[in-house]
file start-v7.txt (compact mmCIF, C-alpha atoms)
# COMPACT_ATOMS: atom_id res chain seq x y z
CA MET A 1185 0.00 0.00 0.00
CA ASN A 1186 1.45 3.34 -1.05
CA PRO A 1187 1.55 6.17 1.52
CA ILE A 1188 -1.30 8.69 1.48
CA LEU A 1189 -0.56 12.23 0.36
CA VAL A 1190 -2.49 14.58 2.66
CA GLU A 1191 -3.42 17.82 0.89
CA SER A 1192 -6.26 19.29 2.99
CA THR A 1193 -7.52 19.46 6.57
CA TYR A 1194 -10.51 17.24 5.93
CA CYS A 1195 -8.34 14.72 4.08
CA HIS A 1196 -6.12 14.69 7.17
CA LEU A 1197 -9.12 14.09 9.43
CA TRP A 1198 -10.44 11.35 7.15
CA THR A 1199 -7.13 9.50 7.14
CA ASP A 1200 -6.96 9.93 10.93
CA ALA A 1201 -10.34 8.20 11.13
CA LEU A 1202 -9.13 5.38 8.86
CA HIS A 1203 -6.02 5.03 10.99
CA VAL A 1204 -7.84 4.63 14.30
CA ARG A 1205 -10.36 2.28 12.66
CA GLN A 1206 -7.44 0.03 11.76
CA LEU A 1207 -6.04 0.38 15.28
CA SER A 1208 -9.40 -0.79 16.63
CA ARG A 1209 -9.08 -3.93 14.51
CA GLU A 1210 -5.58 -4.58 15.83
CA ALA A 1211 -6.30 -3.68 19.46
CA PRO A 1212 -5.14 -6.36 21.94
CA ASN A 1213 -7.98 -5.72 24.41
CA ARG A 1214 -11.43 -4.15 24.66
CA TRP A 1215 -10.10 -1.05 26.42
CA ASP A 1216 -7.84 -0.07 23.56
CA ARG A 1217 -10.44 -1.10 20.99
CA GLY A 1218 -13.13 1.04 22.61
CA THR A 1219 -10.83 4.05 22.69
CA TYR A 1220 -10.01 3.76 19.00
CA VAL A 1221 -13.61 3.16 17.93
CA ARG A 1222 -14.91 6.17 19.87
CA LEU A 1223 -12.12 8.32 18.45
CA CYS A 1224 -12.97 7.09 14.94
CA VAL A 1225 -16.58 8.23 15.41
CA VAL A 1226 -15.48 11.72 16.47
CA LEU A 1227 -12.88 12.14 13.72
CA ALA A 1228 -15.11 10.84 10.94
CA TRP A 1229 -17.94 13.12 12.05
CA THR A 1230 -15.64 16.14 12.06
CA ALA A 1231 -14.49 15.25 8.54
CA LEU A 1232 -18.16 15.13 7.50
CA GLU A 1233 -18.90 18.54 8.99
CA ILE A 1234 -15.94 20.17 7.28
CA ALA A 1235 -16.68 18.43 3.97
CA CYS A 1236 -20.26 19.74 4.06
CA GLN A 1237 -18.92 23.23 4.71
CA GLU A 1238 -16.57 22.88 1.76
CA ALA A 1239 -19.21 21.49 -0.62
CA LEU A 1240 -21.71 24.24 0.19
CA ASN A 1241 -19.24 27.05 0.97
CA ALA A 1242 -20.95 27.47 4.34
CA PRO A 1243 -18.47 27.83 7.23
CA ASP A 1244 -20.87 27.47 10.19
CA ILE A 1245 -22.56 24.13 9.52
CA GLY A 1246 -20.95 22.27 12.40
CA TYR A 1247 -22.46 24.24 15.29
CA SER A 1248 -26.03 22.92 14.81
CA PHE A 1249 -25.48 20.38 12.12
CA LYS A 1250 -28.91 19.47 10.77
CA ALA A 1251 -30.45 22.95 10.99
CA ASN A 1252 -27.42 24.67 9.53
CA LEU A 1253 -26.95 22.08 6.80
CA ASP A 1254 -30.61 22.46 5.79
CA ARG A 1255 -30.19 26.24 5.77
CA ALA A 1256 -27.03 26.05 3.66
CA VAL A 1257 -28.76 23.75 1.17
CA ALA A 1258 -31.72 26.16 0.95
CA ASP A 1259 -29.39 29.14 0.50
CA LYS A 1260 -27.98 27.40 -2.57
CA SER A 1261 -31.54 26.90 -3.90
CA LEU A 1262 -31.00 23.14 -3.84
CA ASN A 1263 -33.62 20.51 -3.13
CA PRO A 1264 -33.90 19.78 0.62
CA LEU A 1265 -32.18 16.72 2.02
CA ASP A 1266 -34.42 13.81 2.99
CA TRP A 1267 -33.64 12.94 6.60
CA SER A 1268 -36.37 10.29 6.79
CA GLN A 1269 -34.58 7.65 4.74
CA GLY A 1270 -31.35 6.68 3.02
CA VAL A 1271 -27.95 8.07 3.84
CA TRP A 1272 -29.16 11.16 5.71
CA GLN A 1273 -31.27 9.04 8.04
CA GLU A 1274 -28.11 7.05 8.72
CA VAL A 1275 -26.22 10.29 9.32
CA ARG A 1276 -28.70 11.19 12.06
CA ARG A 1277 -28.03 7.83 13.68
CA ILE A 1278 -24.27 8.42 13.59
CA GLN A 1279 -24.78 11.92 14.97
CA GLU A 1280 -26.62 10.51 17.98
CA LEU A 1281 -23.82 7.99 18.49
CA ARG A 1282 -21.26 10.78 18.44
CA LYS A 1283 -23.32 12.81 20.91
CA SER A 1284 -23.35 9.85 23.27
CA TYR A 1285 -19.54 9.92 23.34
CA VAL A 1286 -19.00 13.69 23.32
CA HIS A 1287 -21.95 15.46 24.96
CA LYS A 1288 -23.50 12.82 27.21
CA PHE A 1289 -22.27 10.36 29.79
CA ALA A 1290 -22.44 6.98 28.10
CA SER A 1291 -22.87 3.94 30.30
CA LEU A 1292 -19.75 1.97 31.09
CA ALA A 1293 -20.95 -0.88 28.87
CA ASP A 1294 -21.24 1.53 25.93
CA MET A 1295 -17.57 2.51 26.27
CA PHE A 1296 -16.44 -0.79 24.72
CA PRO A 1297 -17.89 -0.78 21.18
CA GLU A 1298 -16.84 -3.44 18.70
CA SER A 1299 -14.60 -2.48 15.77
CA SER A 1300 -17.60 -3.07 13.49
CA VAL A 1301 -18.99 0.22 14.82
CA ALA A 1302 -16.00 2.03 13.30
CA ASP A 1303 -16.56 0.20 10.01
CA ASP A 1304 -20.19 1.32 10.01
CA VAL A 1305 -19.33 4.94 10.76
CA ILE A 1306 -16.72 5.10 8.01
CA ALA A 1307 -19.17 3.64 5.49
CA VAL A 1308 -21.98 6.07 6.40
CA VAL A 1309 -19.75 9.14 6.50
CA ARG A 1310 -18.12 8.21 3.18
CA ALA A 1311 -21.55 7.90 1.55
CA ALA A 1312 -22.74 11.17 3.09
CA ILE A 1313 -19.70 13.13 1.94
CA GLY A 1314 -20.12 11.82 -1.58
CA SER A 1315 -23.84 12.62 -1.42
CA ILE A 1316 -23.43 16.25 -0.31
CA PHE A 1317 -20.83 16.97 -2.99
CA ASP A 1318 -23.10 15.42 -5.61
CA HIS A 1319 -26.09 17.36 -4.27
CA ALA A 1320 -24.15 20.61 -4.59
CA SER A 1321 -22.87 19.63 -8.06
CA VAL A 1322 -19.30 19.94 -6.80
CA THR A 1323 -16.62 17.42 -7.76
CA ARG A 1324 -16.10 14.80 -5.07
CA PRO A 1325 -12.70 14.97 -3.34
CA ASP A 1326 -10.34 12.16 -4.31
CA TRP A 1327 -9.57 11.34 -0.69
CA ILE A 1328 -13.08 10.04 -0.04
CA ASP A 1329 -12.08 6.84 -1.84
CA PHE A 1330 -9.19 6.20 0.58
CA ASP A 1331 -10.10 3.12 2.62
CA GLN A 1332 -6.85 1.70 3.98
CA SER A 1333 -4.45 2.52 6.77
CA ARG A 1334 -1.32 0.81 8.00
CA GLY A 1335 -2.46 0.99 11.60
CA TRP A 1336 0.53 0.43 13.84
CA ALA A 1337 3.42 1.02 11.46
CA GLY A 1338 7.09 0.73 12.24
CA ARG A 1339 9.78 2.65 10.43
CA SER A 1340 9.50 2.72 6.67
CA GLY A 1341 12.21 0.14 6.09
CA ILE A 1342 13.58 1.66 2.90
CA SER A 1343 14.43 -1.06 0.40
CA ASP A 1344 16.89 -1.09 -2.47
CA SER A 1345 14.02 -0.73 -4.94
CA ALA A 1346 12.75 2.33 -3.10
CA THR A 1347 16.14 4.03 -3.44
CA ALA A 1348 17.09 2.96 -6.97
CA THR A 1349 18.50 5.95 -8.90
CA LEU A 1350 17.45 6.84 -12.44
CA ILE A 1351 20.24 8.37 -14.55
CA SER A 1352 19.02 10.13 -17.68
CA ALA A 1353 20.86 10.04 -20.98
CA GLY A 1354 23.40 12.80 -21.38
CA THR A 1355 24.60 12.85 -17.80
CA SER A 1356 26.25 10.71 -15.12
CA LEU A 1357 26.44 10.37 -11.36
CA ASP A 1358 29.69 12.34 -11.23
CA ASP A 1359 28.54 15.20 -13.52
CA PRO A 1360 29.06 18.37 -11.40
CA THR A 1361 26.47 20.32 -13.44
CA ALA A 1362 23.70 17.71 -13.31
CA VAL A 1363 20.23 18.23 -11.88
CA ARG A 1364 19.75 15.85 -8.95
CA ILE A 1365 16.32 15.07 -7.51
CA CYS A 1366 16.34 13.64 -4.00
CA PHE A 1367 13.73 12.69 -1.41
CA VAL A 1368 13.93 12.66 2.37
CA ALA A 1369 12.67 9.63 4.32
CA ASP A 1370 13.34 8.72 7.95
CA GLY A 1371 15.45 11.86 8.21
CA ALA A 1372 17.90 10.79 5.48
CA GLU A 1373 18.38 12.09 1.93
CA HIS A 1374 18.11 9.59 -0.94
CA LEU A 1375 19.00 10.24 -4.57
CA SER A 1376 16.06 9.50 -6.88
CA SER A 1377 17.23 10.66 -10.30
CA VAL A 1378 19.98 12.51 -12.16
CA HIS A 1379 19.34 14.66 -15.25
CA PRO A 1380 21.36 16.88 -17.61
CA GLN A 1381 21.97 20.55 -16.84
CA GLY A 1382 18.92 22.64 -17.72
CA PHE A 1383 16.45 19.80 -17.16
CA SER A 1384 12.90 21.05 -16.46
CA TYR A 1385 12.22 19.11 -13.28
CA GLY A 1386 8.71 20.23 -12.29
CA SER A 1387 6.81 17.26 -13.71
CA GLU A 1388 9.42 14.79 -12.40
CA VAL A 1389 9.04 16.17 -8.88
CA ASP A 1390 5.25 15.79 -9.12
CA ARG A 1391 5.63 12.24 -10.46
CA LEU A 1392 8.01 11.29 -7.65
CA VAL A 1393 5.62 12.53 -4.95
CA ARG A 1394 2.75 10.52 -6.45
CA ALA A 1395 4.79 7.37 -7.13
CA VAL A 1396 6.84 6.80 -3.97
CA SER A 1397 6.12 3.57 -2.11
CA ILE A 1398 7.31 4.87 1.28
CA PRO A 1399 6.34 7.95 3.31
CA ILE A 1400 8.60 10.89 2.49
CA SER A 1401 8.86 14.30 4.12
CA ALA A 1402 10.50 16.40 1.40
CA VAL A 1403 11.84 16.53 -2.14
CA TRP A 1404 15.06 18.43 -2.81
CA VAL A 1405 16.28 19.46 -6.25
CA TYR A 1406 19.91 20.40 -6.78
CA GLU A 1407 21.28 22.23 -9.81
CA GLY A 1408 24.92 21.32 -9.51
CA LYS A 1409 25.65 21.86 -5.83
CA THR A 1410 22.93 24.50 -5.37
CA LEU A 1411 19.62 23.60 -3.73
CA ALA A 1412 17.20 24.94 -6.34
CA ARG A 1413 13.93 23.73 -4.84
CA GLU A 1414 12.67 22.28 -1.59
CA LEU A 1415 9.17 20.77 -1.53
CA LEU A 1416 7.81 19.76 1.87
CA VAL A 1417 5.50 16.76 1.61
CA HIS A 1418 2.71 15.81 4.02
CA MET A 1419 2.35 12.03 4.02
CA ARG A 1420 1.01 9.82 6.75
CA GLY A 1421 3.85 8.07 8.53
CA ASN A 1422 6.66 10.35 7.41
CA GLY A 1423 7.69 11.23 10.93
call {"tool": "encode", "arguments": {"input": "start-v7.txt", "output": "structure tokens"}}
result
Amino acid sequence: MNPILVESTYCHLWTDALHVRQLSREAPNRWDRGTYVRLCVVLAWTALEIACQEALNAPDIGYSFKANLDRAVADKSLNPLDWSQGVWQEVRRIQELRKSYVHKFASLADMFPESSVADDVIAVVRAAIGSIFDHASVTRPDWIDFDQSRGWAGRSGISDSATATLISAGTSLDDPTAVRICFVADGAEHLSSVHPQGFSYGSEVDRLVRAVSIPISAVWVYEGKTLARELLVHMRGNG
């Protein structure tokens, strides 16, 4: 599984929710599992609130979710949401579950939910986010299709294949004028590719960020010995 590139706050929250869902599956006891499931509910709900705000360009939806979401939909002259059935009925159910963890004192027995509760919440919130973007005729965010997390991950364990260096025609490793593209992982710099002087590296940097199989924290481009570009990269697990 390739690392996830996090490019927005709600993408970050969504991947947080996926992460703790996976932790709930791996939890060694009901105490840890319950903690991760309850956290998943809160994080996924927050991602839903922010996604609705983004889809409808309405910054205050979260404070009274149903009323403010209905108002934002009406302000856009869109058809009202149907809360009596389908995904929005399920959203109301998830909202009540979240309230039981955040605003009320749940019973002790309710503090140990099964990991299937996290699976359910992720499925409902994913459907709701897709639905509100479709309802607003706004393109769905790519991150809504993310559905995997490494859970408890160790260090990246950089392999030889992850650090193989591409040398373009017309240059060499010892060319002092070459353009060198490097990435940073686990605090160390690794050479990714070498190109002739004058190489237009923008698209290669973008390709590298999308193609890496390990979490990286930066891409550095050198023109000769001069650092010509530094791109900081937000990926889950990059330390």
call {"tool": "residues_around", "arguments": {"input": "start-v7.txt", "residues": "A:Arg1413", "least_positions_apart": "6", "cutoff": "10 Å", "atoms": "only C-alpha atoms", "output": "ChimeraX atom specification"}}
result
/A:1365,1385-1386,1389,1403-1407
call {"tool": "write_last_selection", "arguments": {"input": "start-v7.txt", "atoms": "C-alpha atoms", "output": "compact mmCIF listing (two decimals), in the coordinates of the input"}}
result
# COMPACT_ATOMS: atom_id res chain seq x y z
CA ILE A 1365 16.32 15.07 -7.51
CA TYR A 1385 12.22 19.11 -13.28
CA GLY A 1386 8.71 20.23 -12.29
CA VAL A 1389 9.04 16.17 -8.88
CA VAL A 1403 11.84 16.53 -2.14
CA TRP A 1404 15.06 18.43 -2.81
CA VAL A 1405 16.28 19.46 -6.25
CA TYR A 1406 19.91 20.40 -6.78
CA GLU A 1407 21.28 22.23 -9.81
call {"tool": "residues_around", "arguments": {"input": "start-v7.txt", "residues": "stretch 1243-1258 of chain A", "least_positions_apart": "5", "cutoff": "10 Å", "atoms": "all atoms listed in the file", "output": "list of chain:residue names"}}
result
A:Trp1229, A:Thr1230, A:Leu1232, A:Glu1233, A:Ile1234, A:Ala1235, A:Cys1236, A:Gln1237, A:Glu1238, A:Asn1263, A:Pro1264, A:Leu1265, A:Asp1266, A:Trp1267, A:Trp1272, A:Val1275, A:Arg1276, A:Gln1279, A:Ile1316, A:His1319, A:Ala1320
call {"tool": "residues_near_point", "arguments": {"input": "start-v7.txt", "point": "(-17.4, 3.2, 16.7)", "cutoff": "7 Å", "atoms": "all atoms listed in the file", "output": "number ranges by chain"}}
result
A: 1221-1222, 1224-1225, 1297-1299, 1301-1302, 1305
call {"tool": "atom_distance", "arguments": {"input": "start-v7.txt", "atom1": "atom CA of A:Leu1375", "atom2": "atom CA of A:Ala1353"}}
result
16.5 Å
call {"tool": "residues_around", "arguments": {"input": "start-v7.txt", "residues": "A:Ala1362", "least_positions_apart": "5", "cutoff": "7 Å", "atoms": "all atoms listed in the file", "output": "VMD selection string"}}
result
chain A and resid 1355 1378 to 1381 1407 to 1408
call {"tool": "closest_residue", "arguments": {"input": "start-v7.txt", "among": "A:Glu1274, A:Gln1332, A:Arg1214, A:Asp1358", "to": "A:Ala1293", "atoms": "all atoms listed in the file"}}
result
A:Arg1214
call {"tool": "closest_residue", "arguments": {"input": "start-v7.txt", "among": "A:Leu1227, A:Leu1416, A:Ala1395, A:Ala1239", "to": "A:Arg1324", "atoms": "all atoms listed in the file"}}
result
A:Ala1239
call {"tool": "closest_residue", "arguments": {"input": "start-v7.txt", "among": "A:Val1226, A:Val1393, A:Ala1201, A:Ala1242", "to": "A:Tyr1285", "atoms": "all atoms listed in the file"}}
result
A:Val1226
call {"tool": "decode", "arguments": {"input": "start-v7.txt", "residues": "stretch 1269-1319 of chain A", "atoms": "N, CA and C atoms", "output": "CSV table (one decimal), in the first residue's frame"}}
result
chain,number,residue,atom,x,y,z
A,1269,GLN,N,-35.0,8.9,5.3
A,1269,GLN,CA,-34.6,7.7,4.7
A,1269,GLN,C,-33.2,7.8,4.1
A,1270,GLY,N,-32.6,6.7,3.7
A,1270,GLY,CA,-31.4,6.7,3.0
A,1270,GLY,C,-30.2,7.2,3.9
A,1271,VAL,N,-29.2,7.7,3.2
A,1271,VAL,CA,-27.9,8.1,3.8
A,1271,VAL,C,-28.1,9.1,4.9
A,1272,TRP,N,-29.0,10.1,4.7
A,1272,TRP,CA,-29.2,11.2,5.7
A,1272,TRP,C,-29.9,10.7,7.0
A,1273,GLN,N,-30.7,9.7,6.9
A,1273,GLN,CA,-31.3,9.0,8.0
A,1273,GLN,C,-30.2,8.3,8.8
A,1274,GLU,N,-29.3,7.7,8.1
A,1274,GLU,CA,-28.1,7.0,8.7
A,1274,GLU,C,-27.2,8.1,9.4
A,1275,VAL,N,-27.0,9.2,8.7
A,1275,VAL,CA,-26.2,10.3,9.3
A,1275,VAL,C,-26.8,10.7,10.7
A,1276,ARG,N,-28.1,10.8,10.8
A,1276,ARG,CA,-28.7,11.2,12.1
A,1276,ARG,C,-28.4,10.1,13.1
A,1277,ARG,N,-28.4,8.9,12.7
A,1277,ARG,CA,-28.0,7.8,13.7
A,1277,ARG,C,-26.6,8.0,14.2
A,1278,ILE,N,-25.7,8.2,13.2
A,1278,ILE,CA,-24.3,8.4,13.6
A,1278,ILE,C,-24.1,9.7,14.5
A,1279,GLN,N,-24.9,10.7,14.2
A,1279,GLN,CA,-24.8,11.9,15.0
A,1279,GLN,C,-25.2,11.6,16.4
A,1280,GLU,N,-26.2,10.9,16.6
A,1280,GLU,CA,-26.6,10.5,18.0
A,1280,GLU,C,-25.6,9.7,18.7
A,1281,LEU,N,-24.9,8.8,17.9
A,1281,LEU,CA,-23.8,8.0,18.5
A,1281,LEU,C,-22.7,8.9,18.9
A,1282,ARG,N,-22.3,9.8,18.1
A,1282,ARG,CA,-21.3,10.8,18.4
A,1282,ARG,C,-21.6,11.6,19.7
A,1283,LYS,N,-22.9,12.0,19.7
A,1283,LYS,CA,-23.3,12.8,20.9
A,1283,LYS,C,-23.2,12.0,22.2
A,1284,SER,N,-23.4,10.7,22.1
A,1284,SER,CA,-23.3,9.8,23.3
A,1284,SER,C,-21.9,9.8,23.8
A,1285,TYR,N,-20.9,10.0,22.9
A,1285,TYR,CA,-19.5,9.9,23.3
A,1285,TYR,C,-19.0,11.3,23.7
A,1286,VAL,N,-19.6,12.4,23.2
A,1286,VAL,CA,-19.0,13.7,23.3
A,1286,VAL,C,-19.8,14.6,24.3
A,1287,HIS,N,-21.1,14.5,24.2
A,1287,HIS,CA,-22.0,15.5,25.0
A,1287,HIS,C,-22.7,14.8,26.1
A,1288,LYS,N,-22.8,13.5,26.2
A,1288,LYS,CA,-23.5,12.8,27.2
A,1288,LYS,C,-22.6,11.9,27.9
A,1289,PHE,N,-23.0,11.4,29.1
A,1289,PHE,CA,-22.3,10.4,29.8
A,1289,PHE,C,-22.8,9.0,29.4
A,1290,ALA,N,-22.1,8.3,28.5
A,1290,ALA,CA,-22.4,7.0,28.1
A,1290,ALA,C,-22.3,6.0,29.3
A,1291,SER,N,-23.0,5.0,29.3
A,1291,SER,CA,-22.9,3.9,30.3
A,1291,SER,C,-21.5,3.3,30.1
A,1292,LEU,N,-21.0,2.6,31.2
A,1292,LEU,CA,-19.7,2.0,31.1
A,1292,LEU,C,-19.8,0.9,30.0
A,1293,ALA,N,-20.9,0.2,29.9
A,1293,ALA,CA,-21.0,-0.9,28.9
A,1293,ALA,C,-20.8,-0.3,27.5
A,1294,ASP,N,-21.3,0.9,27.3
A,1294,ASP,CA,-21.2,1.5,25.9
A,1294,ASP,C,-19.8,2.0,25.6
A,1295,MET,N,-18.9,2.0,26.5
A,1295,MET,CA,-17.6,2.5,26.3
A,1295,MET,C,-16.7,1.5,25.6
A,1296,PHE,N,-17.2,0.3,25.3
A,1296,PHE,CA,-16.4,-0.8,24.7
A,1296,PHE,C,-17.1,-1.3,23.4
A,1297,PRO,N,-17.3,-0.4,22.4
A,1297,PRO,CA,-17.9,-0.8,21.2
A,1297,PRO,C,-17.0,-1.7,20.4
A,1298,GLU,N,-17.6,-2.6,19.6
A,1298,GLU,CA,-16.8,-3.4,18.7
A,1298,GLU,C,-16.3,-2.6,17.5
A,1299,SER,N,-15.2,-3.2,16.9
A,1299,SER,CA,-14.6,-2.5,15.8
A,1299,SER,C,-15.6,-2.3,14.6
A,1300,SER,N,-16.6,-3.2,14.6
A,1300,SER,CA,-17.6,-3.1,13.5
A,1300,SER,C,-18.3,-1.7,13.5
A,1301,VAL,N,-18.4,-1.1,14.7
A,1301,VAL,CA,-19.0,0.2,14.8
A,1301,VAL,C,-18.2,1.2,14.0
A,1302,ALA,N,-16.9,1.1,14.1
A,1302,ALA,CA,-16.0,2.0,13.3
A,1302,ALA,C,-16.2,1.8,11.8
A,1303,ASP,N,-16.3,0.5,11.4
A,1303,ASP,CA,-16.6,0.2,10.0
A,1303,ASP,C,-17.9,0.8,9.5
A,1304,ASP,N,-18.9,0.7,10.4
A,1304,ASP,CA,-20.2,1.3,10.0
A,1304,ASP,C,-20.1,2.8,9.9
A,1305,VAL,N,-19.4,3.5,10.8
A,1305,VAL,CA,-19.3,4.9,10.8
A,1305,VAL,C,-18.6,5.4,9.5
A,1306,ILE,N,-17.5,4.7,9.2
A,1306,ILE,CA,-16.7,5.1,8.0
A,1306,ILE,C,-17.6,5.0,6.8
A,1307,ALA,N,-18.3,3.9,6.7
A,1307,ALA,CA,-19.2,3.6,5.5
A,1307,ALA,C,-20.2,4.7,5.3
A,1308,VAL,N,-20.9,5.1,6.4
A,1308,VAL,CA,-22.0,6.1,6.4
A,1308,VAL,C,-21.4,7.4,6.1
A,1309,VAL,N,-20.3,7.8,6.7
A,1309,VAL,CA,-19.8,9.1,6.5
A,1309,VAL,C,-19.2,9.3,5.1
A,1310,ARG,N,-18.6,8.2,4.6
A,1310,ARG,CA,-18.1,8.2,3.2
A,1310,ARG,C,-19.3,8.5,2.2
A,1311,ALA,N,-20.4,7.7,2.4
A,1311,ALA,CA,-21.6,7.9,1.6
A,1311,ALA,C,-22.1,9.3,1.7
A,1312,ALA,N,-22.2,9.8,2.9
A,1312,ALA,CA,-22.7,11.2,3.1
A,1312,ALA,C,-21.9,12.3,2.5
A,1313,ILE,N,-20.6,12.1,2.6
A,1313,ILE,CA,-19.7,13.1,1.9
A,1313,ILE,C,-19.9,13.1,0.4
A,1314,GLY,N,-19.9,11.9,-0.1
A,1314,GLY,CA,-20.1,11.8,-1.6
A,1314,GLY,C,-21.5,12.4,-2.0
A,1315,SER,N,-22.5,12.1,-1.1
A,1315,SER,CA,-23.8,12.6,-1.4
A,1315,SER,C,-23.9,14.1,-1.4
A,1316,ILE,N,-23.3,14.8,-0.4
A,1316,ILE,CA,-23.4,16.2,-0.3
A,1316,ILE,C,-22.7,16.9,-1.4
A,1317,PHE,N,-21.5,16.4,-1.8
A,1317,PHE,CA,-20.8,17.0,-3.0
A,1317,PHE,C,-21.6,16.8,-4.3
A,1318,ASP,N,-22.3,15.6,-4.4
A,1318,ASP,CA,-23.1,15.4,-5.6
A,1318,ASP,C,-24.3,16.3,-5.6
A,1319,HIS,N,-24.9,16.5,-4.4
A,1319,HIS,CA,-26.1,17.4,-4.3
A,1319,HIS,C,-25.8,18.8,-4.6
